$ cat target21.txt   # compact mmCIF, C-alpha atoms
# COMPACT_ATOMS: atom_id res chain seq x y z
CA MET A 1 -81.24 -18.43 197.65
CA GLU A 2 -80.61 -14.72 198.15
CA PRO A 3 -83.37 -12.94 200.13
CA ARG A 4 -85.13 -9.78 199.03
CA GLY A 5 -83.59 -7.70 201.79
CA ARG A 6 -80.94 -5.20 200.75
CA THR A 7 -80.13 -3.66 204.10
CA ARG A 8 -76.60 -5.04 204.02
CA TRP A 9 -75.92 -3.21 200.75
CA ALA A 10 -77.23 0.05 202.21
CA ILE A 11 -74.76 -0.44 205.05
CA GLY A 12 -72.05 -1.18 202.49
CA GLY A 13 -72.90 2.10 200.79
CA LEU A 14 -72.64 3.94 204.11
CA LEU A 15 -69.20 2.40 204.75
CA ALA A 16 -68.14 3.45 201.26
CA GLY A 17 -69.43 6.97 201.89
CA GLY A 18 -67.29 7.25 204.99
CA ILE A 19 -64.21 6.19 203.07
CA VAL A 20 -64.95 8.78 200.36
CA VAL A 21 -65.02 11.48 203.06
CA ASN A 22 -61.81 10.08 204.56
CA PHE A 23 -59.92 10.30 201.31
CA LEU A 24 -61.34 13.70 200.47
CA ASP A 25 -59.74 14.91 203.72
CA ARG A 26 -56.46 13.16 202.96
CA THR A 27 -56.23 14.27 199.34
CA ALA A 28 -56.74 17.96 200.11
CA ILE A 29 -53.13 18.40 201.25
CA SER A 30 -51.83 16.96 197.96
CA VAL A 31 -53.94 19.33 195.88
CA ALA A 32 -52.87 22.26 198.06
CA SER A 33 -49.20 21.25 198.15
CA SER A 34 -47.88 23.76 195.60
CA SER A 35 -49.87 26.62 197.12
CA ILE A 36 -48.67 25.77 200.62
CA ALA A 37 -45.07 25.46 199.42
CA ASP A 38 -45.27 28.87 197.72
CA GLU A 39 -46.87 30.59 200.72
CA PHE A 40 -44.39 29.25 203.27
CA GLY A 41 -41.28 28.92 201.04
CA LEU A 42 -40.85 25.13 201.20
CA ASP A 43 -38.57 22.98 199.01
CA LEU A 44 -39.47 19.40 198.00
CA GLN A 45 -37.91 17.79 201.07
CA GLN A 46 -39.66 20.19 203.45
CA LEU A 47 -42.92 19.71 201.58
CA GLY A 48 -42.48 15.96 201.99
CA VAL A 49 -42.51 16.43 205.78
CA VAL A 50 -45.83 18.30 205.57
CA LEU A 51 -47.34 15.74 203.20
CA SER A 52 -46.28 12.80 205.38
CA ALA A 53 -47.45 14.22 208.75
CA PHE A 54 -50.88 12.61 208.44
CA THR A 55 -49.34 9.25 207.66
CA TRP A 56 -47.12 9.11 210.75
CA SER A 57 -49.93 9.54 213.27
CA TYR A 58 -52.27 7.39 211.17
CA CYS A 59 -49.65 4.65 211.23
CA LEU A 60 -49.06 4.79 214.99
CA VAL A 61 -52.74 4.40 215.86
CA GLN A 62 -53.41 1.40 213.62
CA LEU A 63 -52.63 -1.29 216.20
CA PRO A 64 -54.64 0.30 219.05
CA ALA A 65 -57.40 1.16 216.56
CA GLY A 66 -57.64 -2.48 215.53
CA MET A 67 -57.96 -3.55 219.16
CA LEU A 68 -60.53 -0.85 219.91
CA VAL A 69 -62.63 -1.84 216.90
CA ASP A 70 -62.71 -5.44 218.17
CA LEU A 71 -63.43 -4.32 221.73
CA LEU A 72 -65.88 -1.41 221.30
CA GLY A 73 -67.36 -2.11 217.88
CA VAL A 74 -67.40 -0.04 214.71
CA SER A 75 -70.42 2.11 215.50
CA ARG A 76 -69.28 3.85 218.69
CA LEU A 77 -65.67 4.36 217.63
CA THR A 78 -66.58 5.93 214.29
CA ARG A 79 -69.02 8.37 215.91
CA ILE A 80 -66.17 9.95 217.86
CA ALA A 81 -63.61 9.71 215.09
CA SER A 82 -65.70 11.28 212.34
CA ALA A 83 -66.41 14.38 214.44
CA LEU A 84 -62.65 14.86 214.78
CA TRP A 85 -62.24 14.76 210.97
CA ALA A 86 -64.21 18.00 210.78
CA VAL A 87 -62.15 19.59 213.56
CA ALA A 88 -58.89 18.72 211.80
CA GLY A 89 -60.09 20.23 208.52
CA LEU A 90 -61.12 23.43 210.24
CA LEU A 91 -57.77 23.73 212.06
CA THR A 92 -55.88 23.30 208.76
CA ALA A 93 -57.97 26.01 207.11
CA VAL A 94 -57.13 28.58 209.78
CA ALA A 95 -53.47 27.59 210.29
CA GLY A 96 -51.04 30.52 210.27
CA GLY A 97 -47.87 28.53 209.61
CA VAL A 98 -46.35 25.17 208.76
CA GLY A 99 -46.34 23.99 212.40
CA PRO A 100 -50.11 24.30 212.90
CA ILE A 101 -50.71 22.57 209.55
CA ILE A 102 -48.55 19.64 210.64
CA LEU A 103 -50.38 19.43 213.99
CA ALA A 104 -53.76 19.45 212.26
CA ARG A 105 -52.64 16.68 209.90
CA LEU A 106 -51.39 14.65 212.87
CA LEU A 107 -54.84 15.00 214.47
CA LEU A 108 -56.51 13.90 211.23
CA GLY A 109 -54.25 10.82 211.15
CA VAL A 110 -55.34 9.82 214.66
CA ALA A 111 -59.02 10.45 213.89
CA GLU A 112 -59.00 8.48 210.64
CA GLY A 113 -57.02 5.59 212.15
CA PRO A 114 -60.05 3.32 212.70
CA SER A 115 -61.62 3.98 209.28
CA MET A 116 -60.31 1.25 206.97
CA VAL A 117 -59.91 -1.19 209.86
CA GLY A 118 -63.50 -0.53 210.89
CA ALA A 119 -64.77 -0.95 207.33
CA SER A 120 -63.02 -4.31 207.11
CA LYS A 121 -64.53 -5.39 210.44
CA ALA A 122 -68.02 -4.17 209.48
CA THR A 123 -67.88 -5.92 206.11
CA ALA A 124 -66.99 -9.21 207.81
CA ALA A 125 -69.97 -8.69 210.14
CA TRP A 126 -72.56 -7.68 207.53
CA PHE A 127 -71.73 -9.86 204.49
CA PRO A 128 -71.53 -13.61 203.89
CA VAL A 129 -68.29 -14.94 202.42
CA SER A 130 -69.99 -15.44 199.04
CA GLU A 131 -70.46 -11.65 198.74
CA ARG A 132 -67.30 -10.56 200.51
CA GLY A 133 -65.39 -9.71 197.33
CA ARG A 134 -68.00 -7.25 196.07
CA ALA A 135 -68.59 -5.81 199.54
CA THR A 136 -64.88 -5.25 200.13
CA ALA A 137 -64.48 -3.77 196.65
CA LEU A 138 -67.32 -1.39 197.51
CA PHE A 139 -65.55 0.22 200.46
CA ASP A 140 -62.03 -0.02 199.08
CA GLY A 141 -63.20 1.10 195.64
CA ALA A 142 -64.49 4.18 197.42
CA THR A 143 -60.85 5.15 198.03
CA LYS A 144 -60.30 5.33 194.28
CA LEU A 145 -63.64 7.01 193.63
CA ALA A 146 -62.77 9.61 196.26
CA ASN A 147 -59.50 10.38 194.53
CA MET A 148 -61.25 10.62 191.17
CA VAL A 149 -63.74 13.13 192.57
CA ALA A 150 -61.51 14.89 195.08
CA PHE A 151 -58.75 16.04 192.75
CA PRO A 152 -60.91 18.04 190.31
CA VAL A 153 -63.39 19.25 192.97
CA LEU A 154 -60.71 20.43 195.38
CA ALA A 155 -58.60 21.83 192.54
CA PHE A 156 -61.61 23.89 191.44
CA VAL A 157 -62.39 25.11 194.98
CA MET A 158 -58.77 26.01 195.67
CA SER A 159 -58.28 27.67 192.28
CA GLU A 160 -61.34 29.86 192.86
CA TRP A 161 -61.12 30.67 196.58
CA GLY A 162 -57.65 29.61 197.74
CA TRP A 163 -56.24 26.52 199.40
CA ARG A 164 -57.81 27.29 202.79
CA ALA A 165 -61.31 27.11 201.27
CA GLY A 166 -60.59 23.52 200.26
CA PHE A 167 -60.08 22.51 203.87
CA LEU A 168 -63.22 24.35 204.98
CA PHE A 169 -65.11 22.36 202.35
CA CYS A 170 -63.66 19.11 203.74
CA ALA A 171 -64.64 20.07 207.29
CA ALA A 172 -68.25 20.68 206.23
CA VAL A 173 -68.50 17.34 204.42
CA SER A 174 -67.03 15.51 207.44
CA ALA A 175 -69.56 17.12 209.78
CA LEU A 176 -72.41 16.03 207.50
CA PHE A 177 -71.16 12.45 207.42
CA THR A 178 -70.92 12.37 211.23
CA ALA A 179 -74.65 13.11 211.47
CA VAL A 180 -75.56 10.48 208.87
CA TRP A 181 -73.39 7.80 210.53
CA TRP A 182 -74.82 8.50 213.99
CA TRP A 183 -78.30 7.95 212.62
CA GLY A 184 -77.68 5.12 210.15
CA TYR A 185 -75.12 2.54 211.32
CA ARG A 186 -75.64 -0.41 213.69
CA ASP A 187 -74.19 -3.91 213.80
CA PRO A 188 -76.54 -6.60 212.39
CA SER A 189 -77.37 -7.90 215.89
CA GLU A 190 -78.54 -4.39 216.89
CA TYR A 191 -80.24 -3.37 213.63
CA ARG A 192 -83.97 -3.56 214.31
CA SER A 193 -85.05 -3.04 210.69
CA LEU A 194 -83.03 -6.01 209.41
CA GLY A 195 -85.46 -8.67 208.21
CA PRO A 196 -85.17 -12.21 209.62
CA ALA A 197 -84.60 -13.78 206.19
CA GLU A 198 -81.72 -11.42 205.39
CA ARG A 199 -80.28 -11.85 208.89
CA GLU A 200 -80.27 -15.63 208.47
CA PHE A 201 -78.71 -15.33 205.01
CA ILE A 202 -75.91 -13.17 206.39
CA LEU A 203 -75.13 -15.36 209.40
CA ARG A 204 -75.50 -18.70 207.59
CA GLY A 205 -73.07 -17.47 204.95
CA GLY A 206 -70.20 -17.00 207.40
CA ALA A 207 -70.57 -13.38 208.56
CA ARG A 208 -68.81 -12.59 211.85
CA ASP A 209 -71.46 -10.43 213.50
CA THR A 210 -70.71 -11.11 217.17
CA ASP A 211 -66.94 -11.39 216.72
CA ARG A 212 -65.46 -9.50 219.67
CA GLY A 213 -61.98 -9.76 221.10
CA GLY A 214 -59.31 -8.23 223.28
CA LEU A 215 -55.67 -8.54 224.22
CA ARG A 216 -55.61 -12.34 224.17
CA GLN A 217 -56.97 -12.51 220.62
CA PHE A 218 -54.57 -9.78 219.53
CA ARG A 219 -51.60 -11.79 220.84
CA ALA A 220 -52.85 -14.86 218.98
CA ALA A 221 -52.95 -12.87 215.75
CA LEU A 222 -49.40 -11.58 216.28
CA ARG A 223 -48.10 -15.13 216.71
CA SER A 224 -49.28 -16.12 213.21
CA GLY A 225 -46.45 -16.13 210.68
CA ARG A 226 -48.94 -16.07 207.80
CA VAL A 227 -50.56 -12.91 209.18
CA TRP A 228 -47.16 -11.16 209.26
CA VAL A 229 -46.30 -12.18 205.68
CA VAL A 230 -49.73 -11.00 204.45
CA ALA A 231 -49.28 -7.72 206.32
CA CYS A 232 -45.84 -7.15 204.77
CA GLY A 233 -47.24 -7.87 201.32
CA PHE A 234 -49.96 -5.29 201.93
CA ALA A 235 -47.29 -2.76 202.90
CA CYS A 236 -45.74 -3.16 199.44
CA TYR A 237 -49.12 -2.41 197.84
CA GLY A 238 -49.68 0.58 200.09
CA TYR A 239 -46.23 2.02 199.49
CA THR A 240 -46.84 2.35 195.77
CA ILE A 241 -50.46 3.43 195.64
CA ASN A 242 -49.94 6.09 198.28
CA ILE A 243 -46.91 7.72 196.70
CA VAL A 244 -49.02 8.05 193.56
CA LEU A 245 -51.89 9.47 195.62
CA THR A 246 -49.64 11.97 197.40
CA TRP A 247 -47.29 13.06 194.64
CA MET A 248 -49.32 12.82 191.41
CA PRO A 249 -50.44 16.50 191.26
CA GLU A 250 -46.95 17.72 192.18
CA PHE A 251 -45.37 15.35 189.63
CA LEU A 252 -47.61 16.63 186.83
CA GLN A 253 -47.03 20.26 187.76
CA ARG A 254 -43.23 19.99 188.11
CA GLU A 255 -42.47 17.60 185.25
CA PHE A 256 -44.89 19.00 182.66
CA HIS A 257 -45.67 22.49 184.03
CA VAL A 258 -49.43 21.95 184.02
CA ARG A 259 -51.56 24.34 186.06
CA LEU A 260 -53.25 23.37 189.34
CA LEU A 261 -56.76 22.94 187.94
CA GLN A 262 -55.44 21.07 184.90
CA SER A 263 -53.43 18.72 187.13
CA GLY A 264 -56.63 18.00 189.06
CA PHE A 265 -58.41 16.83 185.93
CA TYR A 266 -55.40 14.83 184.76
CA SER A 267 -55.24 13.15 188.17
CA MET A 268 -58.92 12.21 187.95
CA VAL A 269 -58.42 9.83 185.00
CA PRO A 270 -56.25 7.11 186.65
CA TRP A 271 -58.52 6.97 189.68
CA ALA A 272 -61.61 6.61 187.47
CA VAL A 273 -59.99 3.67 185.68
CA ALA A 274 -58.97 2.17 189.03
CA THR A 275 -62.50 2.44 190.44
CA VAL A 276 -64.03 0.54 187.53
CA ALA A 277 -61.28 -2.10 187.56
CA GLU A 278 -61.66 -2.75 191.28
CA LEU A 279 -65.43 -3.16 191.23
CA ALA A 280 -65.48 -5.24 188.04
CA VAL A 281 -62.47 -7.53 188.58
CA GLY A 282 -61.38 -7.40 192.22
CA GLY A 283 -64.98 -7.57 193.41
CA TRP A 284 -67.54 -8.98 190.96
CA LEU A 285 -65.28 -11.32 188.96
CA VAL A 286 -63.59 -12.82 192.04
CA ASP A 287 -66.95 -13.62 193.66
CA ARG A 288 -68.30 -15.02 190.39
CA LEU A 289 -65.33 -17.32 189.82
CA ILE A 290 -65.54 -18.66 193.36
CA ARG A 291 -69.32 -19.24 193.12
CA ARG A 292 -68.77 -21.17 189.90
CA GLY A 293 -66.54 -23.66 191.71
CA ARG A 294 -63.02 -22.34 191.10
CA ASP A 295 -60.60 -22.94 193.96
CA PRO A 296 -61.12 -19.78 196.07
CA TRP A 297 -57.52 -19.49 197.21
CA VAL A 298 -56.15 -20.03 193.70
CA VAL A 299 -58.46 -17.24 192.50
CA ARG A 300 -57.45 -14.88 195.30
CA ARG A 301 -53.72 -15.50 194.97
CA THR A 302 -53.78 -15.15 191.18
CA VAL A 303 -55.78 -11.92 191.17
CA LEU A 304 -53.72 -10.43 193.99
CA THR A 305 -50.29 -11.15 192.55
CA CYS A 306 -51.23 -10.32 188.94
CA GLY A 307 -52.70 -7.02 190.12
CA LEU A 308 -49.48 -6.08 191.90
CA ALA A 309 -47.43 -7.08 188.86
CA LEU A 310 -49.58 -4.84 186.65
CA GLY A 311 -49.06 -2.04 189.17
CA ALA A 312 -45.36 -2.11 188.34
CA THR A 313 -46.09 -0.16 185.15
CA ILE A 314 -45.77 2.92 187.39
CA GLY A 315 -42.09 2.72 186.48
CA ALA A 316 -42.92 3.83 182.94
CA ALA A 317 -44.76 6.96 184.09
CA GLY A 318 -41.60 8.63 185.36
CA GLY A 319 -40.02 8.52 181.91
CA ALA A 320 -43.10 9.55 179.94
CA GLY A 321 -42.63 12.33 177.44
CA SER A 322 -46.00 14.02 177.90
CA PRO A 323 -48.61 14.40 180.64
CA ALA A 324 -51.11 12.35 178.61
CA LEU A 325 -48.67 9.42 178.35
CA ALA A 326 -47.80 9.68 182.04
CA VAL A 327 -51.50 9.58 182.92
CA CYS A 328 -51.94 6.55 180.66
CA TRP A 329 -49.21 4.59 182.47
CA MET A 330 -50.54 5.68 185.85
CA SER A 331 -54.01 4.48 184.84
CA VAL A 332 -52.69 1.01 184.01
CA SER A 333 -50.70 0.89 187.24
CA LEU A 334 -53.55 2.00 189.48
CA ALA A 335 -55.95 -0.40 187.74
CA GLY A 336 -53.66 -3.30 188.66
CA LEU A 337 -53.30 -2.15 192.25
CA ALA A 338 -57.05 -1.60 192.51
CA ILE A 339 -57.75 -5.15 191.33
CA ALA A 340 -55.50 -6.48 194.10
CA ALA A 341 -56.88 -4.27 196.88
CA PRO A 342 -60.25 -5.91 197.73
CA VAL A 343 -58.66 -9.34 197.83
CA ALA A 344 -56.02 -8.05 200.24
CA TRP A 345 -58.56 -6.25 202.45
CA GLY A 346 -60.77 -9.35 202.51
CA LEU A 347 -58.03 -11.54 204.02
CA PRO A 348 -58.49 -10.46 207.68
CA GLY A 349 -62.12 -11.61 207.59
CA LEU A 350 -60.93 -15.03 206.34
CA LEU A 351 -57.59 -15.58 208.08
CA ALA A 352 -57.94 -13.80 211.43
CA PRO A 353 -58.37 -15.86 214.62
CA PRO A 354 -61.75 -15.48 216.39
CA GLY A 355 -62.21 -11.99 217.78
CA ALA A 356 -59.23 -10.60 215.88
CA VAL A 357 -60.49 -9.30 212.52
CA GLY A 358 -59.86 -5.73 213.64
CA ALA A 359 -56.47 -6.60 215.11
CA VAL A 360 -55.25 -8.27 211.90
CA SER A 361 -56.63 -5.40 209.81
CA GLY A 362 -54.85 -2.98 212.14
CA LEU A 363 -51.54 -4.81 211.80
CA MET A 364 -51.88 -4.82 208.01
CA ASN A 365 -52.66 -1.14 207.90
CA PHE A 366 -49.92 -0.34 210.43
CA LEU A 367 -47.23 -1.79 208.17
CA ASN A 368 -48.98 -0.30 205.13
CA THR A 369 -48.92 3.22 206.55
CA ALA A 370 -45.40 2.87 207.92
CA ALA A 371 -44.28 2.02 204.39
CA THR A 372 -46.38 4.89 203.05
CA ALA A 373 -44.87 7.45 205.41
CA GLY A 374 -41.38 6.37 204.51
CA GLY A 375 -42.32 6.27 200.84
CA VAL A 376 -43.68 9.82 200.79
CA LEU A 377 -40.46 11.15 202.34
CA LEU A 378 -38.21 8.93 200.21
CA THR A 379 -40.01 9.96 197.01
CA GLY A 380 -39.49 13.65 197.78
CA TRP A 381 -35.81 13.08 198.57
CA LEU A 382 -35.14 10.89 195.49
CA ALA A 383 -36.93 13.39 193.23
CA GLN A 384 -34.90 16.22 194.77
CA VAL A 385 -31.47 14.60 194.38
CA SER A 386 -32.13 12.99 190.98
CA GLY A 387 -33.96 15.94 189.45
CA SER A 388 -37.00 13.93 188.34
CA PHE A 389 -39.63 11.45 189.53
CA ALA A 390 -38.30 8.61 187.37
CA THR A 391 -36.04 7.25 190.12
CA PRO A 392 -38.65 7.02 192.91
CA PHE A 393 -41.17 5.45 190.53
CA LEU A 394 -38.64 2.79 189.51
CA PHE A 395 -37.92 2.11 193.16
CA ALA A 396 -41.64 1.43 193.63
CA VAL A 397 -41.40 -1.30 190.97
CA GLY A 398 -38.90 -3.15 193.15
CA VAL A 399 -41.17 -2.78 196.18
CA LEU A 400 -44.07 -4.34 194.26
CA ALA A 401 -41.87 -7.28 193.21
CA VAL A 402 -41.30 -8.02 196.89
CA GLY A 403 -45.05 -7.85 197.47
CA VAL A 404 -45.75 -10.38 194.72
CA ALA A 405 -43.25 -12.83 196.25
CA LEU A 406 -44.72 -12.45 199.75
CA TYR A 407 -48.34 -13.01 198.71
CA TRP A 408 -47.41 -15.93 196.47
CA ARG A 409 -45.81 -17.61 199.46
CA ALA A 410 -48.46 -16.77 202.06
CA LEU A 411 -51.52 -17.78 200.01
CA ARG A 412 -50.53 -21.26 198.86
CA PRO A 413 -53.96 -22.86 198.45
CA ALA A 414 -53.32 -26.14 200.27
CA SER A 415 -51.73 -24.57 203.34
CA VAL A 416 -54.38 -21.85 203.62
CA ARG A 417 -57.23 -24.36 203.40
CA ASP A 418 -55.65 -26.41 206.17
CA ALA A 419 -55.34 -23.31 208.35
CA VAL A 420 -58.90 -21.97 208.00
CA PRO A 421 -61.22 -24.82 206.96
CA ALA A 422 -64.19 -23.56 208.96
CA ARG A 423 -64.31 -20.16 207.34
CA GLU A 424 -64.20 -21.22 203.72
CA LEU A 425 -67.98 -21.13 203.19
CA HIS A 426 -68.93 -20.37 199.60
CA ARG A 427 -72.39 -21.81 199.08
CA VAL A 428 -75.34 -20.70 201.14

$ encode --input "target21.txt" --output "structure tokens"
Amino acid sequence: MEPRGRTRWAIGGLLAGGIVVNFLDRTAISVASSSIADEFGLDLQQLGVVLSAFTWSYCLVQLPAGMLVDLLGVSRLTRIASALWAVAGLLTAVAGGVGPIILARLLLGVAEGPSMVGASKATAAWFPVSERGRATALFDGATKLANMVAFPVLAFVMSEWGWRAGFLFCAAVSALFTAVWWWGYRDPSEYRSLGPAEREFILRGGARDTDRGGLRQFRAALRSGRVWVVACGFACYGYTINIVLTWMPEFLQREFHVRLLQSGFYSMVPWAVATVAELAVGGWLVDRLIRRGRDPWVVRRTVLTCGLALGATIGAAGGAGSPALAVCWMSVSLAGLAIAAPVAWGLPGLLAPPGAVGAVSGLMNFLNTAATAGGVLLTGWLAQVSGSFATPFLFAVGVLAVGVALYWRALRPASVRDAVPARELHRV
């Protein structure tokens, strides 16, 4: 029976808050892209280099970030990292050229490297398996909520006071979060206010509170063929959702000649739909089906692959005849991808060897961000040479088809149950 304590959900809210701040910082460059291109005379290919700078450094730190999260814990690593988010925002705001902007974005990529990996690790530590779907949807859904809020808010700030003001705003929000995190986050074993009944509920339900590892555990994770297939499938998801995140305002402005502020409000709609879909289907419905006795791996594989398949409707957005129709197709696509996301992010806490949740999360996000960095550049190039965004969006459909095939193979229910029998705890 579930205890009265709700401390774990307060921690889940804090994790989600950190992700909102993360994606506010990341999204700012997309909203400012046209203004930066105009000020420094950049074409689409050159702009693609600026937009992808964050992703390259973010990608390169994923593997060491995963190891550090396992070794040092989420609390200490995030204290340092979140302070650097504010520094990176401030440096972008005062940059006098393209070079300093790229350097500031590279710093932001390094600083935000442990964020999603740490959230995955913390969720596995704070939540029993029976609540893992909702808890994962909470922090990953925050990525969609952040985009829903960030686009119109930053578009308003930048329309009123210029693109540099948007980055000053991000720096202030990051500094505020740093203070809140320093005060509010501890692992369950170190959280003095956590009641004994809730602590027992968490640990008895399969939470991995004391899961620590190092190089040996990391090597064990890398030797798992299933982990590599899952990571490659996640890269296909990340490729598509991040080209939409990065290029949506530019796509709406170039294809339909909408103004900056208007593009911000248009961009808000798909992310709002995605947020609701993720929490309702990828989180609540998945947990409910599993609690009612449905085969957990059948549920996860079905939701994950169907979500990616629905995401392929992004291909229709490139050929839409109006901004409203394009936004409609993007909403359907992002809803599908959002449904798949919490299932994908929950896999490290279920499949990782002991002491390697962070390492497996880091590997997943490494391949995800490598695909994203290439996708941002490739999208700019394909749009430049073809004269529209239809071609890069259709290419993303093919990438998602590969992702569906990989997850369908990796999450065969019988083989997964044989591999991780001890972690499949669903009743507490």

$ closest_residue --input "target21.txt" --among "A:Ala124, A:Leu411, A:Ala356, A:Ile243" --to "Val69 (chain A)" --atoms "all atoms listed in the file"
A:Ala356

$ atom_distance --input "target21.txt" --atom1 "CA of Leu400 (chain A)" --atom2 "CA of Gly238 (chain A)"
9.5 Å

$ residues_around --input "target21.txt" --residues "Ala95 (chain A)" --least-positions-apart "5" --cutoff "9 Å" --atoms "all atoms listed in the file" --output "VMD selection string"
chain A and resid 90 100 to 101 104 164

$ atom_distance --input "target21.txt" --atom1 "CA of Ser193 (chain A)" --atom2 "CA of Thr7 (chain A)"
8.2 Å

$ closest_residue --input "target21.txt" --among "A:Asn368, A:Ser159, A:Ser130, A:Gln45" --to "Val385 (chain A)" --atoms "only C-alpha atoms"
A:Gln45

$ residues_near_point --input "target21.txt" --point "(-63.1, -21.1, 191.8)" --cutoff "12 Å" --atoms "all atoms listed in the file" --output "PyMOL selection string"
chain A and resi 130+285-303+413+424+426-427

$ write_last_selection --input "target21.txt" --atoms "C-alpha atoms" --output "CSV table (one decimal), in the frame of the given file"
chain,number,residue,atom,x,y,z
A,130,SER,CA,-70.0,-15.4,199.0
A,285,LEU,CA,-65.3,-11.3,189.0
A,286,VAL,CA,-63.6,-12.8,192.0
A,287,ASP,CA,-67.0,-13.6,193.7
A,288,ARG,CA,-68.3,-15.0,190.4
A,289,LEU,CA,-65.3,-17.3,189.8
A,290,ILE,CA,-65.5,-18.7,193.4
A,291,ARG,CA,-69.3,-19.2,193.1
A,292,ARG,CA,-68.8,-21.2,189.9
A,293,GLY,CA,-66.5,-23.7,191.7
A,294,ARG,CA,-63.0,-22.3,191.1
A,295,ASP,CA,-60.6,-22.9,194.0
A,296,PRO,CA,-61.1,-19.8,196.1
A,297,TRP,CA,-57.5,-19.5,197.2
A,298,VAL,CA,-56.2,-20.0,193.7
A,299,VAL,CA,-58.5,-17.2,192.5
A,300,ARG,CA,-57.4,-14.9,195.3
A,301,ARG,CA,-53.7,-15.5,195.0
A,302,THR,CA,-53.8,-15.2,191.2
A,303,VAL,CA,-55.8,-11.9,191.2
A,413,PRO,CA,-54.0,-22.9,198.4
A,424,GLU,CA,-64.2,-21.2,203.7
A,426,HIS,CA,-68.9,-20.4,199.6
A,427,ARG,CA,-72.4,-21.8,199.1

$ closest_residue --input "target21.txt" --among "A:Gly321, A:Gly375, A:Gly109, A:Gly13" --to "Thr55 (chain A)" --atoms "all atoms listed in the file"
A:Gly109

$ residues_around --input "target21.txt" --residues "Leu91 (chain A)" --least-positions-apart "5" --cutoff "12 Å" --atoms "all atoms listed in the file" --output "list in words"
Leu84, Trp85, Ala86, Gly96, Gly97, Val98, Gly99, Pro100, Ile101, Ile102, Leu103, Ala104, Arg105, Leu106, Leu107, Leu108, Arg164, Ala165, Phe167, Leu168, Cys170 and Ala171 of chain A

$ closest_residue --input "target21.txt" --among "A:Asp38, A:Leu351, A:Ser322, A:Gly89" --to "Ala220 (chain A)" --atoms "all atoms listed in the file"
A:Leu351

$ residues_around --input "target21.txt" --residues "Gly162 (chain A)" --least-positions-apart "4" --cutoff "9 Å" --atoms "all atoms listed in the file" --output "list in words"
Ala32, Ser35, Val157, Met158 and Gly166 of chain A

$ atom_distance --input "target21.txt" --atom1 "CA of Gly233 (chain A)" --atom2 "CA of Ile314 (chain A)"
17.7 Å

$ closest_atom_pairs --input "target21.txt" --of "region 327-394 of chain A" --to "region 47-50 of chain A" --cutoff "8 Å" --atoms "all atoms listed in the file" --output "Markdown table"
| residue | atom | partner | partner_atom | distance |
| --- | --- | --- | --- | --- |
| A:Val376 | CA | A:Gly48 | CA | 6.4 |
| A:Leu377 | CA | A:Gly48 | CA | 5.2 |
| A:Gly380 | CA | A:Gly48 | CA | 5.7 |

$ closest_residue --input "target21.txt" --among "A:Trp183, A:Trp126, A:Phe234, A:Trp9" --to "Tyr407 (chain A)" --atoms "only C-alpha atoms"
A:Phe234

$ closest_residue --input "target21.txt" --among "A:Met116, A:Leu378, A:Ala197, A:Ala373" --to "Gly18 (chain A)" --atoms "all atoms listed in the file"
A:Met116
